[in-house]
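K.L.:
One structure coming up, written as structure tokens, with questions to follow.
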Amino acid sequence: MIRVYIDAEFDAVRYKNRFEQAIISIGAVISNDSKKIDEFYSLVCPKYFKKLSPVVKKITQLKNEDILTAPNLYTVIHNFMNWLSIYGKIEAMEFYAWGPDDKRTLLNNCKIHNIESCFINQIQDLQKEISGCVYFQNKIVSPTLSLDNMKLIYDVKGKVIHNALTDALDLMHIHDKYLNGNLQNKQSIIDIVNRIEEKRIASRKKQIERLRKLLTEQFELYSKDFIKIALLPEVIEQFQLWENRESSAYVHWRKNSYIMNNVIHPYKDLEIWMKIDLFDELPSVHIKFKHCEKESIRKYELNYKNSTMIEKIMKRVTT
């Protein structure tokens, strides 16, 4: 079976008043019965290219001059297909890439420049298939593991250097080990799980602090203590809206009465106080209910979805 492993590097290029991802290099490895028989690599100069973005320049180690002096996409695709045809009928070959981006970008670039690209539709994405076979504690680690992580899991030596040819070679080795049922490196999987969790926690922390900052600006003029809320029709309306958007309702708000602990009561029996706590582990709003001399306090998360409704409620303070 002739298999072709393909990888592409791309950068953003301004095209017709918008930015498009443009191919700047293509690398491929062709194998037969899991043995590499040839390789292809070419830089590509996209139409309207001026200079590499700083990020792409850094990770690829390419220079502007490298791209500016490279052949255009039409020439590279033509040369690539001629190279493939040496080894048989292209439609009988199997094409593989890691992730959906390479196929999508190749198709889009060829469409923009009216280039025949029959082989691109044959490209199969191996990322989800192979990632779906990596487990930790009976759960899939991630449906979209990176090529870097997969090299560690299958003990493929060398770093991912964001070169289209070396990435294609890595993909061939990973696929070969996967097809042959090679053992996965358990310690590498544990390390990857820990890194994913650390990134998740760090990302969540940033989100919370960003939310806390915005909510502090929104509620900075409100008292930090409980304030009594006037149960006016517009307040009831905001409570109803809040209940409809969230599932953690303690009180169910109706037009003339409320439901608490599955019992219907008229509003005349209810008094409410609210307090904002922006320094809780998660920003929160505390609601104190007083019903027939019995008090209870419920805490709700304060977030983007409910902050406007809560602010409208708190403006209706009992004087």
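Labels used: A, B, ... for chains in the order of the structure tokens, numbers from 1 for residues in each chain, and numbers from 1 for ligands as shown.
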Could you produce a table of the residues of segment 137-187 of chain A lying within 10 Å of segment 31-46 of chain A, with the nearest pair of atoms per residue and their separation in Å rounded to one decimal, using only C-alpha atoms, ordered by chain and increasing residue number, as a tab-separated table?
P.N.:
residue	atom	partner	partner_atom	distance
A:Asn163	CA	A:Tyr41	CA	9.5
A:Ala164	CA	A:Tyr41	CA	7.4
A:Leu165	CA	A:Tyr41	CA	6.0
A:Thr166	CA	A:Tyr41	CA	9.6
A:Ala168	CA	A:Glu39	CA	9.1
A:Leu169	CA	A:Glu39	CA	8.7
A:Met172	CA	A:Ser34	CA	8.0
A:His173	CA	A:Ser34	CA	8.5
A:His175	CA	A:Ser34	CA	9.0
A:Asp176	CA	A:Ser34	CA	6.3
A:Lys177	CA	A:Ser34	CA	9.6
A:Leu179	CA	A:Ser34	CA	9.6
A:Asn180	CA	A:Ser34	CA	9.9
K.L.:
Which residues come within 10 Å of Ser53 of chain A, counting only C-alpha atoms, excluding same-chain residues fewer than 2 positions away, as number ranges by chain?
P.N.:
A: 11-13, 50-51, 55-58, 64
K.L.:
For the residues in that selection, give me C-alpha atoms as a compact mmCIF listing (two decimals), in the first residue's frame.
P.N.:
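Ended up saving to selection-v2.txt:
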# COMPACT_ATOMS: atom_id res chain seq x y z
CA ASP A 11 1.05 32.14 7.60
CA ALA A 12 -1.56 34.89 7.29
CA VAL A 13 -1.47 36.90 4.04
CA LYS A 50 5.22 40.58 1.97
CA LYS A 51 6.78 39.22 5.15
CA VAL A 55 5.34 34.08 15.48
CA VAL A 56 5.68 32.00 12.30
CA LYS A 57 9.16 33.37 11.68
CA LYS A 58 10.21 32.28 15.16
CA ASN A 64 11.48 36.47 4.47
K.L.:
Please provide as a list in words all residues within 12 Å of segment 232-234 of chain A, with the sequence filter that same-chain residues fewer than 3 positions apart are discarded (counting only C-alpha atoms).
P.N.:
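Contacts, in chain order: Ile229, Glu237, Gln238, Phe239, Gln240, Leu241, Trp253, Arg254, Lys255, Asn256, Ser257, Tyr267, Lys268, Glu271, Ile272, Met309, Ile310, Lys312, Ile313, Met314, Lys315, Arg316, Val317 and Thr318 of chain A.
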K.L.:
For the residues in that selection, give me C-alpha atoms as an mmCIF file, in the first residue's frame.
P.N.:
data_model
loop_
_atom_site.group_PDB
_atom_site.id
_atom_site.type_symbol
_atom_site.label_atom_id
_atom_site.label_comp_id
_atom_site.auth_asym_id
_atom_site.auth_seq_id
_atom_site.Cartn_x
_atom_site.Cartn_y
_atom_site.Cartn_z
ATOM 1 C CA ILE A 229 -34.493 44.581 47.953
ATOM 2 C CA GLU A 237 -39.352 40.204 36.211
ATOM 3 C CA GLN A 238 -35.549 40.158 36.578
ATOM 4 C CA PHE A 239 -35.725 37.197 38.970
ATOM 5 C CA GLN A 240 -37.878 35.341 36.441
ATOM 6 C CA LEU A 241 -35.414 36.103 33.675
ATOM 7 C CA TRP A 253 -40.896 33.273 40.630
ATOM 8 C CA ARG A 254 -44.459 33.651 39.415
ATOM 9 C CA LYS A 255 -46.607 36.698 38.707
ATOM 10 C CA ASN A 256 -48.314 36.981 42.097
ATOM 11 C CA SER A 257 -46.588 34.326 44.159
ATOM 12 C CA TYR A 267 -45.058 37.768 47.868
ATOM 13 C CA LYS A 268 -46.335 39.613 50.938
ATOM 14 C CA GLU A 271 -38.424 39.676 52.318
ATOM 15 C CA ILE A 272 -35.121 39.573 50.423
ATOM 16 C CA MET A 309 -29.970 41.161 35.949
ATOM 17 C CA ILE A 310 -28.513 41.201 39.467
ATOM 18 C CA LYS A 312 -30.994 45.788 38.009
ATOM 19 C CA ILE A 313 -32.383 43.988 41.058
ATOM 20 C CA MET A 314 -29.955 45.653 43.458
ATOM 21 C CA LYS A 315 -30.894 49.096 42.186
ATOM 22 C CA ARG A 316 -34.351 48.553 43.655
ATOM 23 C CA VAL A 317 -33.350 48.977 47.267
ATOM 24 C CA THR A 318 -35.985 49.241 50.002
#
K.L.:
Counting only C-alpha atoms, which residue out of A:Trp273, A:Tyr300, A:Tyr258, A:Tyr5 sits closest to Asp102 of chain A?
P.N.:
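Of all the options, A:Tyr5 lies closest to Asp102 of chain A.
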K.L.:
As a PyMOL selection string, please: every residue in segment 46-141 of chain A that a backbone DSSP assignment puts in helix (DSSP H, G or I).
P.N.:
chain A and resi 54-60+64-68+73-85+90-92+101-112+118-122+127-131
K.L.:
With C-alpha atoms kept, could you save the residues just selected as a PDB file, in the first residue's frame?
P.N.:
ATOM      1  CA  PRO A  54       6.874  37.248  13.996  1.00  0.00           C
ATOM      2  CA  VAL A  55       5.344  34.084  15.477  1.00  0.00           C
ATOM      3  CA  VAL A  56       5.684  32.000  12.305  1.00  0.00           C
ATOM      4  CA  LYS A  57       9.161  33.374  11.679  1.00  0.00           C
ATOM      5  CA  LYS A  58      10.212  32.280  15.162  1.00  0.00           C
ATOM      6  CA  ILE A  59       8.762  28.760  15.180  1.00  0.00           C
ATOM      7  CA  THR A  60       9.735  27.849  11.600  1.00  0.00           C
ATOM      8  CA  ASN A  64      11.477  36.469   4.474  1.00  0.00           C
ATOM      9  CA  GLU A  65      14.022  35.985   1.698  1.00  0.00           C
ATOM     10  CA  ASP A  66      13.406  32.215   1.774  1.00  0.00           C
ATOM     11  CA  ILE A  67       9.733  32.712   0.976  1.00  0.00           C
ATOM     12  CA  LEU A  68      10.129  35.578  -1.466  1.00  0.00           C
ATOM     13  CA  LEU A  73       1.766  27.479  -5.205  1.00  0.00           C
ATOM     14  CA  TYR A  74       0.800  26.468  -8.756  1.00  0.00           C
ATOM     15  CA  THR A  75       4.369  25.371  -9.526  1.00  0.00           C
ATOM     16  CA  VAL A  76       4.777  23.532  -6.234  1.00  0.00           C
ATOM     17  CA  ILE A  77       1.484  21.627  -6.591  1.00  0.00           C
ATOM     18  CA  HIS A  78       2.404  20.743 -10.191  1.00  0.00           C
ATOM     19  CA  ASN A  79       5.845  19.481  -9.094  1.00  0.00           C
ATOM     20  CA  PHE A  80       4.295  17.580  -6.182  1.00  0.00           C
ATOM     21  CA  MET A  81       1.792  15.756  -8.384  1.00  0.00           C
ATOM     22  CA  ASN A  82       4.507  14.883 -10.916  1.00  0.00           C
ATOM     23  CA  TRP A  83       6.566  13.471  -8.034  1.00  0.00           C
ATOM     24  CA  LEU A  84       3.614  11.405  -6.808  1.00  0.00           C
ATOM     25  CA  SER A  85       2.889  10.016 -10.280  1.00  0.00           C
ATOM     26  CA  ILE A  90      -2.531   9.076  -7.363  1.00  0.00           C
ATOM     27  CA  GLU A  91      -6.162   8.054  -6.868  1.00  0.00           C
ATOM     28  CA  ALA A  92      -5.001   4.659  -5.533  1.00  0.00           C
ATOM     29  CA  ASP A 101      -5.868  22.514   9.151  1.00  0.00           C
ATOM     30  CA  ASP A 102      -3.539  21.296   6.412  1.00  0.00           C
ATOM     31  CA  LYS A 103      -6.309  19.879   4.216  1.00  0.00           C
ATOM     32  CA  ARG A 104      -8.587  22.873   4.782  1.00  0.00           C
ATOM     33  CA  THR A 105      -5.842  25.405   4.019  1.00  0.00           C
ATOM     34  CA  LEU A 106      -4.610  23.532   0.943  1.00  0.00           C
ATOM     35  CA  LEU A 107      -8.138  23.337  -0.451  1.00  0.00           C
ATOM     36  CA  ASN A 108      -8.788  27.010   0.238  1.00  0.00           C
ATOM     37  CA  ASN A 109      -5.482  28.137  -1.316  1.00  0.00           C
ATOM     38  CA  CYS A 110      -6.047  26.053  -4.436  1.00  0.00           C
ATOM     39  CA  LYS A 111      -9.601  27.363  -4.749  1.00  0.00           C
ATOM     40  CA  ILE A 112      -8.480  30.989  -4.465  1.00  0.00           C
ATOM     41  CA  CYS A 118      -7.451  16.320  -6.875  1.00  0.00           C
ATOM     42  CA  PHE A 119      -5.235  14.617  -4.254  1.00  0.00           C
ATOM     43  CA  ILE A 120      -6.205  17.012  -1.435  1.00  0.00           C
ATOM     44  CA  ASN A 121      -9.702  15.563  -1.043  1.00  0.00           C
ATOM     45  CA  GLN A 122      -8.065  12.177  -0.401  1.00  0.00           C
ATOM     46  CA  GLN A 127      -5.298  13.154  14.769  1.00  0.00           C
ATOM     47  CA  LYS A 128      -8.688  12.136  16.155  1.00  0.00           C
ATOM     48  CA  GLU A 129      -8.263   8.472  15.247  1.00  0.00           C
ATOM     49  CA  ILE A 130      -4.928   8.016  17.028  1.00  0.00           C
ATOM     50  CA  SER A 131      -5.628  10.462  19.861  1.00  0.00           C
TER      51      SER A 131
END
K.L.:
Of the candidates A:Phe10, A:Phe95, A:Tyr87, A:Tyr222, which shows the shortest atom-to-atom distance to Ile276 of chain A, using only C-alpha atoms?
P.N.:
A:Tyr222
K.L.:
In Å, how far is it from atom CA of Asp125 of chain A to atom CA of Lys186 of chain A?
P.N.:
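Between these atoms lies a distance of 24.3 Å.
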K.L.:
A:Leu302, A:Leu282, A:Leu52, A:Ile196: which is nearest Glu246 of chain A, counting only C-alpha atoms?
P.N.:
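Closest to Glu246 of chain A of all the choices is A:Leu302.
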K.L.:
Write out as a PyMOL selection string which residues come within 12 Å of Ile140 of chain A when counting only C-alpha atoms, dropping same-chain ones fewer than 3 positions away.
P.N.:
chain A and resi 128-137+143-145+189+193
